[in-house]
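**Q** So here's run_1.cif, just mmCIF, C-alpha atoms and all ligand atoms:
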data_start
#
loop_
_atom_site.group_PDB
_atom_site.id
_atom_site.type_symbol
_atom_site.label_atom_id
_atom_site.label_comp_id
_atom_site.auth_asym_id
_atom_site.auth_seq_id
_atom_site.Cartn_x
_atom_site.Cartn_y
_atom_site.Cartn_z
ATOM 1 C CA MET A 202 13.604 -6.983 -15.993
ATOM 2 C CA THR A 203 12.340 -3.432 -16.519
ATOM 3 C CA CYS A 204 10.447 -1.349 -13.942
ATOM 4 C CA ARG A 205 7.283 -1.824 -16.016
ATOM 5 C CA GLU A 206 7.703 -5.604 -15.969
ATOM 6 C CA LEU A 207 8.271 -5.510 -12.231
ATOM 7 C CA PHE A 208 5.057 -3.557 -11.675
ATOM 8 C CA GLU A 209 3.142 -6.093 -13.734
ATOM 9 C CA LEU A 210 4.212 -8.742 -11.215
ATOM 10 C CA LEU A 211 4.066 -6.533 -8.132
ATOM 11 C CA MET A 212 0.587 -7.461 -6.921
ATOM 12 C CA ASP A 213 1.356 -11.182 -7.015
ATOM 13 C CA TYR A 214 4.793 -10.596 -5.534
ATOM 14 C CA LEU A 215 3.405 -8.674 -2.553
ATOM 15 C CA GLU A 216 0.733 -11.323 -2.053
ATOM 16 C CA GLY A 217 3.356 -14.061 -2.046
ATOM 17 C CA ALA A 218 1.693 -15.609 -5.086
ATOM 18 C CA LEU A 219 4.721 -15.514 -7.375
ATOM 19 C CA PRO A 220 6.740 -18.669 -8.223
ATOM 20 C CA PRO A 221 10.291 -18.650 -6.739
ATOM 21 C CA PRO A 222 12.217 -18.022 -9.995
ATOM 22 C CA GLN A 223 10.192 -14.862 -10.605
ATOM 23 C CA VAL A 224 10.590 -13.793 -6.970
ATOM 24 C CA GLU A 225 14.357 -13.891 -7.511
ATOM 25 C CA LEU A 226 14.095 -11.684 -10.590
ATOM 26 C CA VAL A 227 11.832 -9.209 -8.796
ATOM 27 C CA GLU A 228 14.102 -8.999 -5.766
ATOM 28 C CA ALA A 229 17.211 -8.592 -7.890
ATOM 29 C CA HIS A 230 15.562 -5.647 -9.663
ATOM 30 C CA ILE A 231 14.413 -4.052 -6.402
ATOM 31 C CA ALA A 232 17.909 -4.349 -4.925
ATOM 32 C CA ASP A 233 19.256 -2.573 -7.965
ATOM 33 C CA CYS A 234 16.624 0.112 -8.662
ATOM 34 C CA ASP A 235 16.148 3.149 -6.411
ATOM 35 C CA ASP A 236 12.893 4.163 -8.105
ATOM 36 C CA CYS A 237 11.180 0.811 -7.605
ATOM 37 C CA ARG A 238 12.474 0.580 -4.031
ATOM 38 C CA SER A 239 11.097 4.019 -3.264
ATOM 39 C CA TYR A 240 7.735 3.259 -4.919
ATOM 40 C CA ILE A 241 7.279 -0.040 -3.110
ATOM 41 C CA GLY A 242 8.381 1.548 0.158
ATOM 42 C CA ALA A 243 5.740 4.247 -0.300
ATOM 43 C CA TYR A 244 3.140 1.589 -1.121
ATOM 44 C CA ARG A 245 3.866 -0.301 2.111
ATOM 45 C CA GLU A 246 4.048 2.892 4.139
ATOM 46 C CA ALA A 247 0.713 4.076 2.707
ATOM 47 C CA ARG A 248 -0.951 0.800 3.681
ATOM 48 C CA ASP A 249 0.530 0.914 7.194
ATOM 49 C CA LEU A 250 -0.332 4.580 7.677
ATOM 50 C CA VAL A 251 -4.008 3.859 6.969
ATOM 51 C CA ALA A 252 -3.952 0.965 9.423
ATOM 52 C CA ARG A 253 -2.315 2.816 12.261
ATOM 53 C CA THR A 254 -4.346 6.013 11.964
ATOM 54 C CA ILE A 255 -7.855 5.312 10.678
ATOM 55 C CA ARG A 256 -8.174 1.715 11.785
ATOM 56 C CA ALA A 257 -6.821 2.466 15.251
ATOM 57 C CA GLU A 258 -9.245 5.330 15.796
ATOM 58 C CA GLN A 259 -11.358 5.347 18.966
ATOM 59 C CA PRO A 260 -15.067 5.253 18.105
ATOM 60 C CA PRO A 261 -16.897 8.542 18.724
ATOM 61 C CA ASP A 262 -19.854 8.928 21.048
ATOM 62 C CA PRO A 263 -22.971 9.421 18.937
ATOM 63 C CA PRO A 264 -24.510 12.808 19.793
ATOM 64 C CA GLU A 265 -27.299 12.533 22.355
ATOM 65 C CA GLU A 266 -29.873 14.159 20.023
ATOM 66 C CA LEU A 267 -29.086 11.500 17.445
ATOM 67 C CA VAL A 268 -29.529 8.692 19.966
ATOM 68 C CA GLN A 269 -32.897 10.144 20.981
ATOM 69 C CA ALA A 270 -33.951 10.678 17.352
ATOM 70 C CA ILE A 271 -33.152 7.059 16.491
ATOM 71 C CA LEU A 272 -35.073 5.689 19.471
ATOM 72 C CA GLU A 273 -37.944 8.018 18.668
ATOM 73 C CA SER A 274 -38.180 6.952 15.036
ATOM 74 C CA ARG A 275 -38.152 3.314 16.122
ATOM 75 C CA ARG A 276 -41.161 3.940 18.354
ATOM 76 C CA LYS A 277 -43.043 5.570 15.497
ATOM 77 C CA LYS A 278 -42.403 2.799 13.011
ATOM 78 C CA PRO A 279 -44.469 -0.370 12.960
ATOM 79 C CA ARG A 280 -42.482 -3.416 14.022
ATOM 80 C CA MET B 8 -26.719 7.252 37.821
ATOM 81 C CA LEU B 9 -26.894 3.558 38.444
ATOM 82 C CA MET B 10 -30.191 2.106 39.661
ATOM 83 C CA ILE B 11 -30.001 -1.293 41.242
ATOM 84 C CA GLU B 12 -33.266 -3.138 41.352
ATOM 85 C CA SER B 13 -33.782 -5.953 43.742
ATOM 86 C CA SER B 14 -36.376 -8.417 42.679
ATOM 87 C CA PRO B 15 -36.908 -10.928 45.476
ATOM 88 C CA THR B 16 -40.256 -12.026 44.086
ATOM 89 C CA ALA B 17 -38.819 -13.055 40.767
ATOM 90 C CA ALA B 18 -35.987 -14.910 42.487
ATOM 91 C CA THR B 19 -38.223 -16.851 44.829
ATOM 92 C CA LEU B 20 -40.658 -17.737 42.046
ATOM 93 C CA ASN B 21 -37.697 -18.966 40.000
ATOM 94 C CA VAL B 22 -38.689 -17.004 36.901
ATOM 95 C CA PRO B 23 -35.896 -15.932 34.560
ATOM 96 C CA MET B 24 -34.384 -12.626 35.547
ATOM 97 C CA PRO B 25 -35.162 -9.805 33.174
ATOM 98 C CA PRO B 26 -32.170 -8.166 31.475
ATOM 99 C CA PRO B 27 -30.465 -5.531 33.633
ATOM 100 C CA ARG B 28 -32.725 -2.503 33.895
ATOM 101 C CA HIS B 29 -29.995 0.088 33.815
ATOM 102 C CA THR B 30 -28.502 1.308 30.596
ATOM 103 C CA GLU B 31 -25.232 2.514 32.055
ATOM 104 C CA SER B 32 -23.685 -0.884 32.334
ATOM 105 C CA TRP B 33 -22.636 -3.270 29.622
ATOM 106 C CA GLN B 34 -25.061 -6.083 29.011
ATOM 107 C CA SER B 35 -24.242 -9.565 27.929
ATOM 108 C CA GLU B 36 -25.060 -10.173 24.290
ATOM 109 C CA ASP B 37 -27.539 -12.939 25.056
ATOM 110 C CA ALA B 38 -29.524 -10.817 27.489
ATOM 111 C CA LEU B 39 -29.528 -7.945 25.049
ATOM 112 C CA ILE B 40 -30.785 -10.100 22.184
ATOM 113 C CA GLU B 41 -33.525 -11.556 24.401
ATOM 114 C CA GLY B 42 -34.582 -8.021 25.252
ATOM 115 C CA LEU B 43 -34.653 -6.942 21.619
ATOM 116 C CA LEU B 44 -36.682 -9.977 20.611
ATOM 117 C CA ALA B 45 -39.141 -9.124 23.378
ATOM 118 C CA HIS B 46 -39.344 -5.511 22.072
ATOM 119 C CA ASP B 47 -38.025 -4.266 25.379
ATOM 120 C CA GLU B 48 -37.684 -0.506 25.114
ATOM 121 C CA GLU B 49 -34.547 -0.278 27.210
ATOM 122 C CA SER B 50 -32.786 -2.979 25.229
ATOM 123 C CA TYR B 51 -33.078 -0.827 22.134
ATOM 124 C CA GLU B 52 -31.428 1.985 23.996
ATOM 125 C CA VAL B 53 -28.703 -0.293 25.324
ATOM 126 C CA LEU B 54 -27.985 -1.479 21.791
ATOM 127 C CA VAL B 55 -27.702 2.098 20.527
ATOM 128 C CA ARG B 56 -25.430 3.132 23.385
ATOM 129 C CA GLN B 57 -23.290 0.027 23.388
ATOM 130 C CA TYR B 58 -22.737 -0.319 19.648
ATOM 131 C CA GLY B 59 -23.687 3.078 18.199
ATOM 132 C CA GLY B 60 -20.195 4.536 18.577
ATOM 133 C CA SER B 61 -18.410 1.807 16.637
ATOM 134 C CA MET B 62 -21.158 1.823 14.023
ATOM 135 C CA LEU B 63 -20.869 5.599 13.638
ATOM 136 C CA ALA B 64 -17.101 5.241 13.211
ATOM 137 C CA VAL B 65 -17.709 2.849 10.292
ATOM 138 C CA ALA B 66 -20.270 5.204 8.741
ATOM 139 C CA GLN B 67 -17.847 8.149 9.053
ATOM 140 C CA ARG B 68 -15.140 6.247 7.211
ATOM 141 C CA PHE B 69 -17.414 5.761 4.204
ATOM 142 C CA CYS B 70 -19.267 9.070 4.210
ATOM 143 C CA ARG B 71 -17.609 12.337 3.426
ATOM 144 C CA CYS B 72 -19.822 14.431 5.669
ATOM 145 C CA SER B 73 -20.971 13.913 9.219
ATOM 146 C CA ASP B 74 -24.700 14.405 8.529
ATOM 147 C CA GLU B 75 -24.559 11.620 6.021
ATOM 148 C CA ALA B 76 -22.729 9.380 8.486
ATOM 149 C CA GLN B 77 -25.422 10.037 11.085
ATOM 150 C CA ASP B 78 -28.125 9.112 8.578
ATOM 151 C CA VAL B 79 -26.282 5.886 7.834
ATOM 152 C CA LEU B 80 -26.089 5.084 11.547
ATOM 153 C CA GLN B 81 -29.810 5.673 11.879
ATOM 154 C CA GLU B 82 -30.635 3.514 8.859
ATOM 155 C CA ALA B 83 -28.349 0.756 10.104
ATOM 156 C CA LEU B 84 -29.794 0.727 13.614
ATOM 157 C CA LEU B 85 -33.390 0.772 12.407
ATOM 158 C CA SER B 86 -32.668 -2.094 10.069
ATOM 159 C CA ALA B 87 -30.995 -3.990 12.931
ATOM 160 C CA PHE B 88 -34.083 -3.456 15.095
ATOM 161 C CA ARG B 89 -36.326 -4.716 12.301
ATOM 162 C CA GLY B 90 -34.081 -7.634 11.441
ATOM 163 C CA ILE B 91 -33.076 -8.866 14.904
ATOM 164 C CA ARG B 92 -34.914 -12.139 14.256
ATOM 165 C CA LYS B 93 -32.514 -12.819 11.407
ATOM 166 C CA PHE B 94 -29.542 -12.609 13.756
ATOM 167 C CA ARG B 95 -27.979 -16.055 14.025
ATOM 168 C CA ARG B 96 -27.326 -17.120 17.609
ATOM 169 C CA GLY B 97 -23.747 -18.086 18.178
ATOM 170 C CA SER B 98 -22.367 -15.362 15.927
ATOM 171 C CA ARG B 99 -21.195 -12.063 17.361
ATOM 172 C CA LEU B 100 -23.676 -9.235 17.591
ATOM 173 C CA GLY B 101 -20.896 -6.721 16.902
ATOM 174 C CA THR B 102 -19.950 -8.495 13.664
ATOM 175 C CA TRP B 103 -23.574 -8.592 12.529
ATOM 176 C CA LEU B 104 -24.052 -4.890 13.271
ATOM 177 C CA HIS B 105 -20.800 -4.094 11.473
ATOM 178 C CA ARG B 106 -22.070 -5.807 8.317
ATOM 179 C CA ILE B 107 -25.398 -3.988 8.542
ATOM 180 C CA THR B 108 -23.590 -0.652 8.861
ATOM 181 C CA VAL B 109 -21.296 -1.418 5.926
ATOM 182 C CA ASN B 110 -24.346 -2.326 3.817
ATOM 183 C CA ALA B 111 -26.173 0.853 4.788
ATOM 184 C CA ALA B 112 -23.092 2.928 3.965
ATOM 185 C CA LEU B 113 -22.611 1.254 0.576
ATOM 186 C CA MET B 114 -26.247 1.821 -0.252
ATOM 187 C CA ARG B 115 -25.847 5.476 0.636
ATOM 188 C CA LEU B 116 -22.751 5.797 -1.555
ATOM 189 C CA ARG B 117 -24.586 4.227 -4.501
ATOM 190 C CA ARG B 118 -27.483 6.642 -4.076
ATOM 191 C CA GLY B 119 -25.207 9.651 -3.712
ATOM 192 C CA ALA B 120 -24.443 12.051 -6.529
ATOM 193 C CA SER B 121 -21.310 11.171 -8.460
ATOM 194 C CA ARG B 122 -18.401 13.472 -7.797
ATOM 195 C CA PRO B 123 -15.808 14.782 -10.199
ATOM 196 C CA GLU B 124 -12.907 12.388 -9.937
ATOM 197 C CA VAL B 125 -9.265 12.163 -10.850
ATOM 198 C CA GLN B 126 -8.635 9.663 -13.613
ATOM 199 C CA ILE B 127 -7.424 6.371 -12.147
ATOM 200 C CA ASP B 128 -4.520 6.287 -14.609
ATOM 201 C CA GLU B 129 -3.084 9.524 -13.303
ATOM 202 C CA LEU B 130 -2.572 7.885 -9.951
ATOM 203 C CA GLN B 131 -0.923 4.747 -11.331
ATOM 204 C CA PRO B 132 2.766 4.323 -12.205
ATOM 205 C CA PHE B 133 3.937 5.699 -15.583
ATOM 206 C CA PHE B 134 6.745 4.208 -17.673
ATOM 207 C CA ASP B 135 8.775 5.451 -20.594
ATOM 208 C CA SER B 136 9.330 3.471 -23.780
ATOM 209 C CA ALA B 137 12.290 1.695 -22.195
ATOM 210 C CA GLY B 138 10.045 0.521 -19.328
ATOM 211 C CA ARG B 139 11.628 2.807 -16.729
ATOM 212 C CA HIS B 140 9.635 5.001 -14.355
ATOM 213 C CA ALA B 141 8.589 8.249 -15.987
ATOM 214 C CA GLY B 142 7.524 11.196 -13.860
ATOM 215 C CA PRO B 143 7.987 11.561 -10.114
ATOM 216 C CA VAL B 144 8.284 8.340 -8.141
ATOM 217 C CA PRO B 145 6.450 8.366 -4.799
ATOM 218 C CA SER B 146 8.594 8.422 -1.716
ATOM 219 C CA LEU B 147 7.198 8.607 1.789
ATOM 220 C CA HIS B 148 9.097 9.557 4.879
ATOM 221 C CA PRO B 149 7.694 7.433 7.670
ATOM 222 C CA THR B 150 8.806 9.851 10.381
ATOM 223 C CA SER B 151 7.223 12.997 9.002
ATOM 224 C CA GLU B 152 3.782 12.243 10.385
ATOM 225 C CA ARG B 153 5.179 12.247 13.944
ATOM 226 C CA ARG B 154 5.546 15.984 13.684
ATOM 227 C CA LEU B 155 1.791 16.204 13.413
ATOM 228 C CA LEU B 156 -0.699 15.540 16.163
ATOM 229 C CA GLU B 157 -2.559 12.271 16.000
ATOM 230 C CA LYS B 158 -5.792 14.026 15.158
ATOM 231 C CA GLU B 159 -4.220 16.087 12.397
ATOM 232 C CA THR B 160 -2.579 13.016 10.917
ATOM 233 C CA ARG B 161 -5.907 11.253 10.857
ATOM 234 C CA ARG B 162 -7.555 14.186 9.129
ATOM 235 C CA TRP B 163 -4.739 14.312 6.609
ATOM 236 C CA VAL B 164 -4.964 10.568 5.907
ATOM 237 C CA ARG B 165 -8.734 10.831 5.487
ATOM 238 C CA ALA B 166 -8.385 13.720 3.059
ATOM 239 C CA CYS B 167 -5.902 11.686 1.009
ATOM 240 C CA ILE B 168 -8.248 8.663 0.946
ATOM 241 C CA ASP B 169 -11.051 10.985 -0.184
ATOM 242 C CA ARG B 170 -9.018 11.897 -3.262
ATOM 243 C CA LEU B 171 -9.220 8.303 -4.492
ATOM 244 C CA PRO B 172 -11.710 7.515 -7.258
ATOM 245 C CA GLN B 173 -14.824 6.034 -5.665
ATOM 246 C CA THR B 174 -14.380 2.424 -6.853
ATOM 247 C CA LEU B 175 -10.866 2.287 -5.417
ATOM 248 C CA ARG B 176 -11.793 4.159 -2.261
ATOM 249 C CA THR B 177 -14.615 1.764 -1.414
ATOM 250 C CA VAL B 178 -12.430 -1.322 -1.811
ATOM 251 C CA LEU B 179 -9.604 0.234 0.206
ATOM 252 C CA ILE B 180 -11.961 1.030 3.073
ATOM 253 C CA LEU B 181 -13.572 -2.401 3.016
ATOM 254 C CA ARG B 182 -10.270 -4.314 2.876
ATOM 255 C CA ASP B 183 -7.664 -2.193 4.648
ATOM 256 C CA ILE B 184 -9.844 -0.434 7.212
ATOM 257 C CA GLU B 185 -12.926 -2.560 7.824
ATOM 258 C CA GLU B 186 -10.795 -5.668 7.341
ATOM 259 C CA LEU B 187 -13.307 -7.702 5.367
ATOM 260 C CA ASP B 188 -11.707 -10.485 3.327
ATOM 261 C CA THR B 189 -11.492 -10.522 -0.452
ATOM 262 C CA LEU B 190 -14.437 -12.888 -0.876
ATOM 263 C CA GLN B 191 -16.693 -10.854 1.431
ATOM 264 C CA VAL B 192 -15.886 -7.677 -0.491
ATOM 265 C CA ALA B 193 -16.467 -9.409 -3.824
ATOM 266 C CA GLN B 194 -19.903 -10.533 -2.651
ATOM 267 C CA LEU B 195 -20.821 -7.112 -1.276
ATOM 268 C CA LEU B 196 -19.844 -5.328 -4.486
ATOM 269 C CA ASP B 197 -20.959 -8.116 -6.806
ATOM 270 C CA VAL B 198 -17.602 -8.357 -8.571
ATOM 271 C CA THR B 199 -15.013 -11.151 -8.891
ATOM 272 C CA THR B 200 -12.378 -11.728 -6.203
ATOM 273 C CA ASN B 201 -9.753 -10.899 -8.801
ATOM 274 C CA ALA B 202 -11.376 -7.527 -9.434
ATOM 275 C CA VAL B 203 -11.233 -6.842 -5.685
ATOM 276 C CA LYS B 204 -7.518 -7.713 -5.567
ATOM 277 C CA ILE B 205 -6.736 -5.504 -8.539
ATOM 278 C CA ARG B 206 -8.746 -2.567 -7.195
ATOM 279 C CA LEU B 207 -7.097 -2.855 -3.797
ATOM 280 C CA HIS B 208 -3.651 -2.943 -5.366
ATOM 281 C CA ARG B 209 -4.468 0.096 -7.517
ATOM 282 C CA ALA B 210 -5.919 1.914 -4.532
ATOM 283 C CA ARG B 211 -2.718 1.401 -2.543
ATOM 284 C CA LEU B 212 -0.552 2.456 -5.495
ATOM 285 C CA ALA B 213 -2.694 5.551 -5.914
ATOM 286 C CA LEU B 214 -2.608 6.321 -2.220
ATOM 287 C CA ALA B 215 1.186 6.046 -2.182
ATOM 288 C CA LYS B 216 1.231 8.684 -4.904
ATOM 289 C CA ILE B 217 -1.296 10.926 -3.161
ATOM 290 C CA PHE B 218 0.456 10.735 0.225
ATOM 291 C CA SER B 219 3.780 11.444 -1.412
ATOM 292 C CA GLU B 220 2.438 14.446 -3.352
ATOM 293 C CA GLU B 221 0.722 15.858 -0.266
ATOM 294 C CA GLN B 222 3.807 15.349 1.863
ATOM 295 C CA GLN B 223 6.002 17.177 -0.644
ATOM 296 C CA GLU B 224 3.394 19.906 -0.937
ATOM 297 C CA SER B 225 3.228 20.444 2.835
ATOM 298 C CA SER B 226 7.003 20.349 3.288
ATOM 299 C CA SER B 227 7.445 22.973 0.559
ATOM 300 C CA VAL B 228 4.738 25.076 2.234
ATOM 301 C CA SER B 229 6.517 24.882 5.586
ATOM 302 C CA ALA B 230 9.869 25.608 3.905
ATOM 303 C CA ARG B 231 8.309 28.689 2.289
ATOM 304 C CA SER B 232 6.852 29.822 5.594
ATOM 305 C CA ARG B 233 10.243 29.419 7.282
ATOM 306 C CA VAL B 234 11.782 31.645 4.629
ATOM 307 C CA ALA B 235 9.025 34.232 4.937
HETATM 308 ZN ZN ZN C 1 12.772 -0.342 -11.300
#
So, in terms of structure tokens, how does the structure I just supplied come out?

**A**
Amino acid sequence: MTCRELFELLMDYLEGALPPPQVELVEAHIADCDDCRSYIGAYREARDLVARTIRAEQPPDPPEELVQAILESRRKKPR
Amino acid sequence: MLMIESSPTAATLNVPMPPPRHTESWQSEDALIEGLLAHDEESYEVLVRQYGGSMLAVAQRFCRCSDEAQDVLQEALLSAFRGIRKFRRGSRLGTWLHRITVNAALMRLRRGASRPEVQIDELQPFFDSAGRHAGPVPSLHPTSERRLLEKETRRWVRACIDRLPQTLRTVLILRDIEELDTLQVAQLLDVTTNAVKIRLHRARLALAKIFSEEQQESSSVSARSRVA
């Protein structure tokens, strides 16, 4: 299996949607190939980094003027 | 300041208690919805104060500038006020408001001017004729971010996400940040579930490349500044 062939199967592999014989081929290549290991590691790390920074963010307090502006424009609009 | 109202008359007459009159405390969802349906002025305010922060956070993740995010919050809240009758009892108010905010943000992105973008292919893996990786392979050091403050890391991550082409960026936010499922995203964007999966995969591949490039860039900058 080449790196290109591995990347063609990567999405299904990471989703667990690959049949077992192909999983074996993919994992054998990863064990053997520094480049693919590094790439896939970066892929996982990128996904986790987004989750633990952006997703874990505390919501801000909307500025008071904005709160008042929203309530004001509701009063002006017909229901 | 917390105002506590006693209402002995209402209690003795056995009429339903009005929703709490103070906006400082957290109201139960049912009481809040009753208030909104009755066009109770304070209930609108409670809704804004109780849910506005999380809604603004969603808007900020989609919008690149804070004015735009505030507009999205306003549009979302006004459409929630108008549409409160469409809210299905038994579902969570927070979930409903989240969907309204996501919709308002997507609408805003569609209306917005298109920005110059990196070609998607540049952010995908390259291979040589033998099928081996060609060009630099992304590598990320998981520990490096710990040197940065939480706030700085978040800003850095946001800036990297903003470098994604819009179609990939939107799917990444919807799936990996807002945590909608593939089918929900497909319906929102009017594309197939397979298209969502492919875009998400490409977005993560691209992000791995962007993070890795930025990390190398910043470590060479700090190496240069150490030398200087
Ligand atoms: Zn490989």

**Q** Between atom CA of Thr177 of chain B and atom CA of Ser146 of chain B, what is the distance in Å, rounded to a tenth?

**A**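 Going from atom CA of Thr177 of chain B over to atom CA of Ser146 of chain B, I get 24.1 Å.
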
**Q** Around ligand ZN 1 (chain C), which protein and nucleic acid residues have at least one atom no more than 9 Å from it, if we count all atoms listed in the file? List them as a VMD selection string.

**A** (chain A and resid 202 to 208 230 to 231 233 to 238 240) or (chain B and resid 138 to 140)

**Q** Go through B:Glu52, B:Asp37, B:Glu220, B:Glu185 and flag the residue nearest Leu147 of chain B, using all atoms listed in the file for the distances.

**A**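 Residue with the minimum atom-to-atom distance to Leu147 of chain B: B:Glu220.
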
**Q** Taking all atoms of segment 112-130 of chain B that the file lists and extending 5 Å past them on each side, where is the centre of the axis-aligned box and how long are its edges? Answer in Å to one decimal, as lines of an AutoDock Vina configuration file.

**A**
center_x = -15.0
center_y = 8.0
center_z = -5.3
size_x = 34.9
size_y = 23.5
size_z = 28.6

**Q** Enter the distance from atom CA of Gly97 of chain B to atom CA of Glu82 of chain B, in Å, rounded to one decimal.

**A**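 These atoms are spaced 24.5 Å apart.
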
**Q** Up to 7 Å from chain B, what residues of chain A turn up? Count all atoms listed in the file and give them as a list of chain:residue names.

**A**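 Result, ordered by chain then number: A:Thr203, A:Cys204, A:Arg205, A:Met212, A:Asp236, A:Ser239, A:Tyr240, A:Ala243, A:Tyr244, A:Glu246, A:Ala247, A:Arg248, A:Val251, A:Ala252, A:Thr254, A:Ile255, A:Arg256, A:Pro260, A:Pro261, A:Asp262, A:Pro263, A:Val268, A:Ile271, A:Leu272, A:Arg275, A:Arg280.
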
**Q** Nearest to Ala66 of chain B among B:His105, B:Arg176, B:Arg99, B:Lys93, with distances taken over only C-alpha atoms: which residue is it?

**A**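 That would be B:His105, the residue with the smallest distance to Ala66 of chain B.
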
**Q** Hey, what comes out of the PyMOL selection byres (((chain B and resi 115) around 10) and not hetatm) on this file? Could you write it as a list in words?

**A**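 On this input, the PyMOL selection byres (((chain B and resi 115) around 10) and not hetatm) captures Ala66, Phe69, Cys70, Glu75, Ala76, Asp78, Val79, Glu82, Val109, Asn110, Ala111, Ala112, Leu113, Met114, Leu116, Arg117, Arg118, Gly119 and Ala120 of chain B.
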
**Q** As an mmCIF file with C-alpha atoms, in the frame of the given file, please: the residues near Thr200 of chain B (cut-off 7 Å, all atoms listed in the file, same-chain neighbours under 3 positions excluded).

**A**
data_model
loop_
_atom_site.group_PDB
_atom_site.id
_atom_site.type_symbol
_atom_site.label_atom_id
_atom_site.label_comp_id
_atom_site.auth_asym_id
_atom_site.auth_seq_id
_atom_site.Cartn_x
_atom_site.Cartn_y
_atom_site.Cartn_z
ATOM 1 C CA THR B 189 -11.492 -10.522 -0.452
ATOM 2 C CA LEU B 190 -14.437 -12.888 -0.876
ATOM 3 C CA ALA B 193 -16.467 -9.409 -3.824
ATOM 4 C CA VAL B 203 -11.233 -6.842 -5.685
ATOM 5 C CA LYS B 204 -7.518 -7.713 -5.567
#

**Q** Would you mind reading off the distance between atom CA of Ala218 of chain A and atom CA of Arg253 of chain A, one decimal, in Å?

**A**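 Going from atom CA of Ala218 of chain A over to atom CA of Arg253 of chain A covers 25.6 Å.
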
**Q** Could you name the residues that touch Leu44 of chain B at 7 Å or less, counting all atoms listed in the file, but leaving out those on the same chain fewer than 4 positions away, as an MDAnalysis selection string?

**A** chainID B and resid 40 91:92

**Q** Which of these residues is nearest to Glu225 of chain A, using only C-alpha atoms: A:Pro264, A:Leu210, A:Ala257, A:Ala270?

**A** A:Leu210

**Q** With all heavy atoms retained, output segment 228-232 of chain A as a PDB file, in the first residue's frame.

**A**
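Everything below was put into part13.pdb:
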ATOM      1  N   GLU A 228      -3.201  -0.377   8.911  1.00  0.00           N
ATOM      2  CA  GLU A 228      -2.414  -0.315  10.148  1.00  0.00           C
ATOM      3  C   GLU A 228      -0.979  -0.790   9.941  1.00  0.00           C
ATOM      4  O   GLU A 228      -0.053  -0.271  10.569  1.00  0.00           O
ATOM      5  CB  GLU A 228      -3.136  -1.074  11.266  1.00  0.00           C
ATOM      6  CG  GLU A 228      -4.373  -0.271  11.684  1.00  0.00           C
ATOM      7  CD  GLU A 228      -5.246  -0.903  12.755  1.00  0.00           C
ATOM      8  OE1 GLU A 228      -5.048  -2.099  13.066  1.00  0.00           O
ATOM      9  OE2 GLU A 228      -6.127  -0.180  13.273  1.00  0.00           O
ATOM     10  N   ALA A 229      -0.809  -1.736   9.041  1.00  0.00           N
ATOM     11  CA  ALA A 229       0.555  -2.188   8.727  1.00  0.00           C
ATOM     12  C   ALA A 229       1.348  -1.042   8.094  1.00  0.00           C
ATOM     13  O   ALA A 229       2.508  -0.816   8.435  1.00  0.00           O
ATOM     14  CB  ALA A 229       0.511  -3.397   7.797  1.00  0.00           C
ATOM     15  N   HIS A 230       0.688  -0.297   7.196  1.00  0.00           N
ATOM     16  CA  HIS A 230       1.377   0.842   6.564  1.00  0.00           C
ATOM     17  C   HIS A 230       1.723   1.920   7.600  1.00  0.00           C
ATOM     18  O   HIS A 230       2.847   2.421   7.615  1.00  0.00           O
ATOM     19  CB  HIS A 230       0.525   1.436   5.433  1.00  0.00           C
ATOM     20  CG  HIS A 230       1.186   2.601   4.759  1.00  0.00           C
ATOM     21  ND1 HIS A 230       1.853   2.485   3.556  1.00  0.00           N
ATOM     22  CD2 HIS A 230       1.325   3.909   5.132  1.00  0.00           C
ATOM     23  CE1 HIS A 230       2.364   3.665   3.232  1.00  0.00           C
ATOM     24  NE2 HIS A 230       2.038   4.549   4.167  1.00  0.00           N
ATOM     25  N   ILE A 231       0.746   2.235   8.457  1.00  0.00           N
ATOM     26  CA  ILE A 231       0.986   3.283   9.460  1.00  0.00           C
ATOM     27  C   ILE A 231       2.153   2.897  10.372  1.00  0.00           C
ATOM     28  O   ILE A 231       3.015   3.724  10.693  1.00  0.00           O
ATOM     29  CB  ILE A 231      -0.286   3.577  10.290  1.00  0.00           C
ATOM     30  CG1 ILE A 231      -1.385   4.164   9.385  1.00  0.00           C
ATOM     31  CG2 ILE A 231       0.001   4.549  11.438  1.00  0.00           C
ATOM     32  CD1 ILE A 231      -2.742   4.320  10.058  1.00  0.00           C
ATOM     33  N   ALA A 232       2.204   1.636  10.764  1.00  0.00           N
ATOM     34  CA  ALA A 232       3.271   1.175  11.657  1.00  0.00           C
ATOM     35  C   ALA A 232       4.633   1.350  11.003  1.00  0.00           C
ATOM     36  O   ALA A 232       5.647   1.542  11.680  1.00  0.00           O
ATOM     37  CB  ALA A 232       3.030  -0.283  12.034  1.00  0.00           C
TER      38      ALA A 232
END
